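Source file model.csv; content: CSV, C-alpha atoms.
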```
chain,number,residue,atom,x,y,z
Q,260,MET,CA,-78.9,-7.8,29.5
Q,261,THR,CA,-81.4,-5.0,28.9
Q,262,GLN,CA,-83.6,-5.2,32.0
Q,263,SER,CA,-85.0,-1.9,33.2
Q,264,GLY,CA,-82.9,-0.1,35.9
Q,265,GLY,CA,-83.8,3.4,37.2
Q,266,SER,CA,-84.2,5.9,34.4
Q,267,VAL,CA,-82.0,3.9,31.9
Q,268,ASN,CA,-83.8,3.5,28.5
Q,269,THR,CA,-83.5,-0.2,27.6
Q,270,GLN,CA,-83.4,0.5,23.9
Q,271,ILE,CA,-80.5,3.0,24.4
Q,272,PHE,CA,-78.8,0.5,26.6
Q,273,ALA,CA,-79.2,-2.3,24.1
Q,274,GLY,CA,-77.8,0.0,21.4
Q,275,LEU,CA,-74.7,0.8,23.4
Q,276,LEU,CA,-74.1,-2.9,24.1
Q,277,ALA,CA,-74.4,-3.7,20.4
Q,278,ARG,CA,-71.9,-1.0,19.6
Q,279,VAL,CA,-69.5,-2.4,22.2
Q,280,GLN,CA,-69.9,-6.0,21.0
Q,281,ALA,CA,-69.2,-4.8,17.4
Q,282,CYS,CA,-66.1,-2.8,18.3
Q,283,THR,CA,-63.1,-3.3,15.9
Q,284,VAL,CA,-61.0,-0.3,17.0
Q,285,CYS,CA,-57.9,-2.4,17.8
Q,286,ALA,CA,-58.6,-5.3,15.4
Q,287,ASP,CA,-55.2,-4.9,13.7
Q,288,GLN,CA,-53.4,-5.4,17.0
Q,289,LEU,CA,-55.2,-8.6,18.1
Q,290,PRO,CA,-54.2,-12.2,17.3
Q,291,ASN,CA,-57.8,-13.2,16.6
Q,292,PRO,CA,-60.9,-11.4,15.3
Q,293,PRO,CA,-62.3,-9.0,17.9
Q,294,ARG,CA,-64.6,-10.7,20.5
Q,295,PRO,CA,-65.5,-8.2,23.2
Q,296,ILE,CA,-66.4,-10.1,26.3
Q,297,LEU,CA,-68.5,-8.4,29.0
Q,298,ARG,CA,-71.7,-8.8,31.0
Q,299,VAL,CA,-73.7,-5.7,31.7
Q,300,SER,CA,-77.2,-4.7,32.9
Q,301,PRO,CA,-78.7,-1.4,33.9
Q,302,THR,CA,-79.8,-3.0,37.2
Q,303,ALA,CA,-76.3,-4.2,38.2
Q,304,ARG,CA,-75.1,-3.1,41.6
Q,305,LEU,CA,-71.6,-4.6,41.6
Q,306,LEU,CA,-69.1,-4.1,38.8
Q,307,ILE,CA,-66.0,-6.3,38.4
Q,308,VAL,CA,-63.2,-4.9,36.4
Q,309,GLY,CA,-60.3,-7.2,35.6
Q,310,GLN,CA,-57.6,-7.0,33.0
Q,311,ALA,CA,-58.5,-8.8,29.7
Q,312,PRO,CA,-59.9,-12.1,28.6
Q,313,GLY,CA,-57.5,-15.0,28.5
Q,314,ARG,CA,-57.5,-17.6,25.8
Q,315,ARG,CA,-60.0,-19.9,27.5
Q,316,VAL,CA,-62.4,-17.0,28.1
Q,317,HIS,CA,-62.0,-15.8,24.6
Q,318,GLU,CA,-62.9,-19.3,23.3
Q,319,THR,CA,-66.0,-19.8,25.6
Q,320,GLY,CA,-67.2,-16.2,25.7
Q,321,ILE,CA,-67.7,-16.4,29.4
Q,322,PRO,CA,-65.7,-14.0,31.6
Q,323,TRP,CA,-63.8,-15.5,34.5
Q,324,ASN,CA,-64.4,-19.0,33.2
Q,325,ASP,CA,-61.0,-20.2,34.3
Q,326,PRO,CA,-59.0,-21.0,37.4
Q,327,SER,CA,-58.7,-17.3,38.1
Q,328,GLY,CA,-62.5,-17.0,38.2
Q,329,ASP,CA,-62.7,-20.0,40.5
Q,330,LEU,CA,-60.5,-18.3,43.0
Q,331,LEU,CA,-62.3,-15.0,42.6
Q,332,ARG,CA,-65.6,-16.6,43.4
Q,333,GLN,CA,-64.0,-18.3,46.4
Q,334,TRP,CA,-62.8,-14.9,47.6
Q,335,LEU,CA,-66.4,-13.5,47.2
Q,336,ASP,CA,-67.9,-16.7,48.8
Q,337,MET,CA,-70.2,-16.8,45.8
Q,338,THR,CA,-71.6,-19.6,43.6
Q,339,ARG,CA,-71.2,-19.6,39.8
Q,340,GLU,CA,-75.0,-19.0,39.6
Q,341,ALA,CA,-74.8,-15.9,41.7
Q,342,PHE,CA,-71.6,-14.7,40.1
Q,343,TYR,CA,-73.2,-14.8,36.6
Q,344,ASP,CA,-76.5,-13.2,37.6
Q,345,VAL,CA,-76.1,-10.3,35.2
Q,346,SER,CA,-79.1,-8.5,36.8
Q,347,ARG,CA,-76.9,-7.9,39.9
Q,348,ILE,CA,-73.3,-8.2,38.8
Q,349,ALA,CA,-71.7,-6.5,35.8
Q,350,ILE,CA,-68.3,-7.7,34.4
Q,351,VAL,CA,-66.3,-5.3,32.2
Q,352,PRO,CA,-62.6,-6.0,31.8
Q,353,THR,CA,-60.1,-3.2,31.2
Q,354,GLY,CA,-59.5,-4.6,27.8
Q,355,LEU,CA,-62.5,-6.3,26.3
Q,356,CYS,CA,-60.8,-8.6,23.8
Q,357,TYR,CA,-58.1,-11.3,24.2
Q,358,PRO,CA,-54.8,-9.5,23.6
Q,359,GLY,CA,-52.7,-12.6,22.9
Q,360,THR,CA,-49.7,-13.9,24.7
Q,361,VAL,CA,-45.9,-13.6,24.6
Q,362,LYS,CA,-43.7,-16.3,26.0
Q,363,GLY,CA,-46.7,-17.9,27.7
Q,364,SER,CA,-47.9,-14.8,29.5
Q,365,ASP,CA,-51.0,-12.8,28.4
Q,366,LEU,CA,-50.2,-9.4,26.9
Q,367,PRO,CA,-51.5,-6.3,28.7
Q,368,PRO,CA,-55.1,-5.1,27.9
Q,369,ARG,CA,-55.3,-3.0,24.8
Q,370,PRO,CA,-55.1,0.7,25.9
Q,371,GLU,CA,-57.9,1.8,23.6
Q,372,CYS,CA,-60.7,-0.1,25.4
Q,373,ALA,CA,-61.2,1.5,28.8
Q,374,PRO,CA,-61.2,5.2,27.7
Q,375,LEU,CA,-63.5,4.4,24.9
Q,376,TRP,CA,-66.1,2.2,26.5
Q,377,HIS,CA,-65.9,2.3,30.3
Q,378,PRO,CA,-67.3,5.9,30.8
Q,379,GLN,CA,-70.3,5.1,28.5
Q,380,LEU,CA,-71.0,1.8,30.2
Q,381,ARG,CA,-70.6,3.2,33.7
Q,382,ALA,CA,-73.1,6.0,32.8
Q,383,ALA,CA,-75.5,3.4,31.6
Q,384,MET,CA,-75.4,1.5,34.9
Q,385,PRO,CA,-76.5,4.0,37.5
Q,386,ASP,CA,-77.1,1.4,40.2
Q,387,ILE,CA,-73.5,0.4,40.6
Q,388,ARG,CA,-72.4,0.9,44.2
Q,389,VAL,CA,-69.1,-1.0,44.4
Q,390,THR,CA,-66.5,-1.6,41.7
Q,391,LEU,CA,-63.9,-4.4,42.3
Q,392,LEU,CA,-60.6,-3.4,40.7
Q,393,VAL,CA,-59.0,-6.8,40.2
Q,394,GLY,CA,-55.3,-6.4,39.4
Q,395,ALA,CA,-52.9,-3.5,38.5
Q,396,TYR,CA,-54.4,-2.6,35.2
Q,397,ALA,CA,-57.9,-1.9,36.6
Q,398,GLN,CA,-56.4,0.0,39.5
Q,399,ALA,CA,-54.2,2.1,37.2
Q,400,TYR,CA,-57.2,3.1,35.0
Q,401,TYR,CA,-59.7,3.8,37.8
Q,402,LEU,CA,-57.4,5.1,40.6
Q,403,GLY,CA,-54.6,6.8,38.7
Q,404,LYS,CA,-52.3,8.7,41.0
Q,405,ARG,CA,-54.3,7.6,44.0
Q,406,ARG,CA,-53.0,4.1,43.9
Q,407,GLY,CA,-50.0,3.0,46.0
Q,408,ARG,CA,-46.4,2.5,44.9
Q,409,THR,CA,-47.1,-1.2,44.5
Q,410,LEU,CA,-50.1,-3.4,44.1
Q,411,ALA,CA,-49.7,-4.6,47.6
Q,412,ASP,CA,-49.7,-1.0,48.9
Q,413,THR,CA,-52.9,-0.3,47.0
Q,414,VAL,CA,-54.7,-3.4,48.2
Q,415,HIS,CA,-53.5,-2.9,51.8
Q,416,ALA,CA,-55.0,0.7,51.7
Q,417,TRP,CA,-58.4,-0.6,50.5
Q,418,ARG,CA,-60.2,1.5,53.1
Q,419,ASP,CA,-58.9,4.7,51.3
Q,420,PHE,CA,-61.0,3.8,48.2
Q,421,THR,CA,-64.3,2.6,49.7
Q,422,PRO,CA,-67.2,2.7,49.3
Q,423,GLU,CA,-66.8,3.3,45.6
Q,424,TYR,CA,-63.9,1.0,44.8
Q,425,PHE,CA,-62.4,-2.1,46.3
Q,426,PRO,CA,-58.9,-3.0,45.0
Q,427,LEU,CA,-57.8,-6.7,44.8
Q,428,PRO,CA,-54.8,-8.6,43.5
Q,429,HIS,CA,-55.5,-10.7,40.4
Q,430,PRO,CA,-56.5,-14.2,41.4
Q,431,SER,CA,-54.3,-15.8,38.7
Q,432,PRO,CA,-52.5,-19.0,39.6
Q,433,ARG,CA,-49.3,-17.1,38.8
Q,434,ASN,CA,-50.0,-14.9,41.9
Q,435,ARG,CA,-50.0,-17.7,44.4
Q,436,GLY,CA,-46.6,-16.6,45.6
Q,437,TRP,CA,-47.9,-13.1,46.2
Q,438,LEU,CA,-50.8,-14.4,48.3
Q,439,LYS,CA,-48.4,-16.4,50.4
Q,440,GLN,CA,-46.1,-13.4,50.9
Q,441,HIS,CA,-49.0,-11.2,52.0
Q,442,PRO,CA,-51.1,-13.3,54.5
Q,443,TRP,CA,-52.8,-10.1,55.7
Q,444,PHE,CA,-54.9,-10.2,52.5
Q,445,GLU,CA,-56.7,-13.4,53.5
Q,446,ALA,CA,-56.8,-12.5,57.1
Q,447,GLU,CA,-58.0,-8.9,56.8
Q,448,VAL,CA,-59.1,-8.0,53.3
Q,449,LEU,CA,-61.2,-11.0,52.4
Q,450,PRO,CA,-63.5,-10.7,55.4
Q,451,ALA,CA,-64.1,-7.0,54.6
Q,452,LEU,CA,-64.7,-7.8,50.9
Q,453,ARG,CA,-67.2,-10.5,51.7
Q,454,GLU,CA,-69.0,-8.2,54.2
Q,455,ARG,CA,-69.2,-5.4,51.7
Q,456,VAL,CA,-70.4,-7.6,48.9
Q,457,GLY,CA,-72.8,-9.4,51.2
Q,458,ALA,CA,-74.4,-6.2,52.3
Q,459,LEU,CA,-74.7,-5.0,48.7
Q,460,LEU,CA,-76.0,-8.4,47.4
Q,461,PRO,CA,-77.8,-10.3,50.2
Q,462,LYS,CA,-77.5,-14.0,49.5
Q,463,GLY,CA,-81.3,-14.4,49.5
Q,464,ASP,CA,-81.4,-11.7,46.9
Q,465,ASN,CA,-78.7,-12.9,44.5
Q,466,GLY,CA,-78.9,-16.7,44.7
Q,467,GLY,CA,-75.7,-17.0,46.7
Q,468,THR,CA,-74.7,-19.8,49.0
Q,469,GLU,CA,-76.7,-20.2,52.2
```

Can I see the file as structure tokens?
Amino acid sequence: MTQSGGSVNTQIFAGLLARVQACTVCADQLPNPPRPILRVSPTARLLIVGQAPGRRVHETGIPWNDPSGDLLRQWLDMTREAFYDVSRIAIVPTGLCYPGTVKGSDLPPRPECAPLWHPQLRAAMPDIRVTLLVGAYAQAYYLGKRRGRTLADTVHAWRDFTPEYFPLPHPSPRNRGWLKQHPWFEAEVLPALRERVGALLPKGDNGGTE
């Protein structure tokens, strides 16, 4: 996770990562001891920002290691090997630790995480060219007042945010209904997403499917 990228000092990067992984800022608000889960590298070109680790991700320590991740990789037309190539793809959720659940649903990401760590991590990854904003929490933090009235409005207006950002719905199984109600996402947005990511990370370069 500390490969050389541009002018980034690998020792400084490693120190930042160590501080992030040791973070206990919101420990009193978590159901389990803090376990920040992220994958970062100074050479990464694509950044994926979701909401927060779920229980399974918390237990395994692997981001997007669940049915949501399976669908996200399908959207990207990407193998697991390519998806977890940290030299090319960084993964930093809005909230770095599992926030717990209430009535079977994950709680929102802790609000302390993104303002504290995202600016520092972004500054340490100068080669990032596209940031996928997966879900409403990521879009709220990065787009602010620029986002639409609804998540669908924001995703439908994806052209307004490129080339820096690409907003997406969350690929949770709970959102299957949303996908059925908005067929334009699969017909119009996914081809554009795959084209953008494919141009950024050629398959011969990132180990993707042939």

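Near Q:Leu306, within 6 Å and counting all atoms listed in the file, sit Ile348, Ala349, Ile350 and Thr390 of chain Q, not including residues fewer than 6 positions from it in the same chain.
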
Would you output that residue set with C-alpha atoms, as a short mmCIF file (atom, residue, chain, number, x, y, z; two decimals), keeping the file's coordinate frame?
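Just written: out-v1.cif:
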```cif
data_model
loop_
_atom_site.label_atom_id
_atom_site.label_comp_id
_atom_site.auth_asym_id
_atom_site.auth_seq_id
_atom_site.Cartn_x
_atom_site.Cartn_y
_atom_site.Cartn_z
CA ILE Q 348 -73.30 -8.20 38.80
CA ALA Q 349 -71.70 -6.50 35.80
CA ILE Q 350 -68.30 -7.70 34.40
CA THR Q 390 -66.50 -1.60 41.70
#
```

Surrounding residues of stretch 283-286 of chain Q excluding itself and chain neighbours under 4 positions, 9 Å, only C-alpha atoms, as a PyMOL selection string: chain Q and resi 290-294+369+371-372

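Note that the spacing between atom CA of Q:Leu380 and atom CA of Q:Val351 amounts to 8.7 Å.
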
Considering all atoms listed in the file, return as a PyMOL selection string whatever protein or nucleic-acid residues lie within 12 Å of Q:Asp419, sequence-local ones (same chain, fewer than 5 positions apart) excluded. chain Q and resi 402+405-407+412-414+424-426

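If you look at atom CA of Q:Pro374 and atom CA of Q:Leu452, they are 26.8 Å away from each other.
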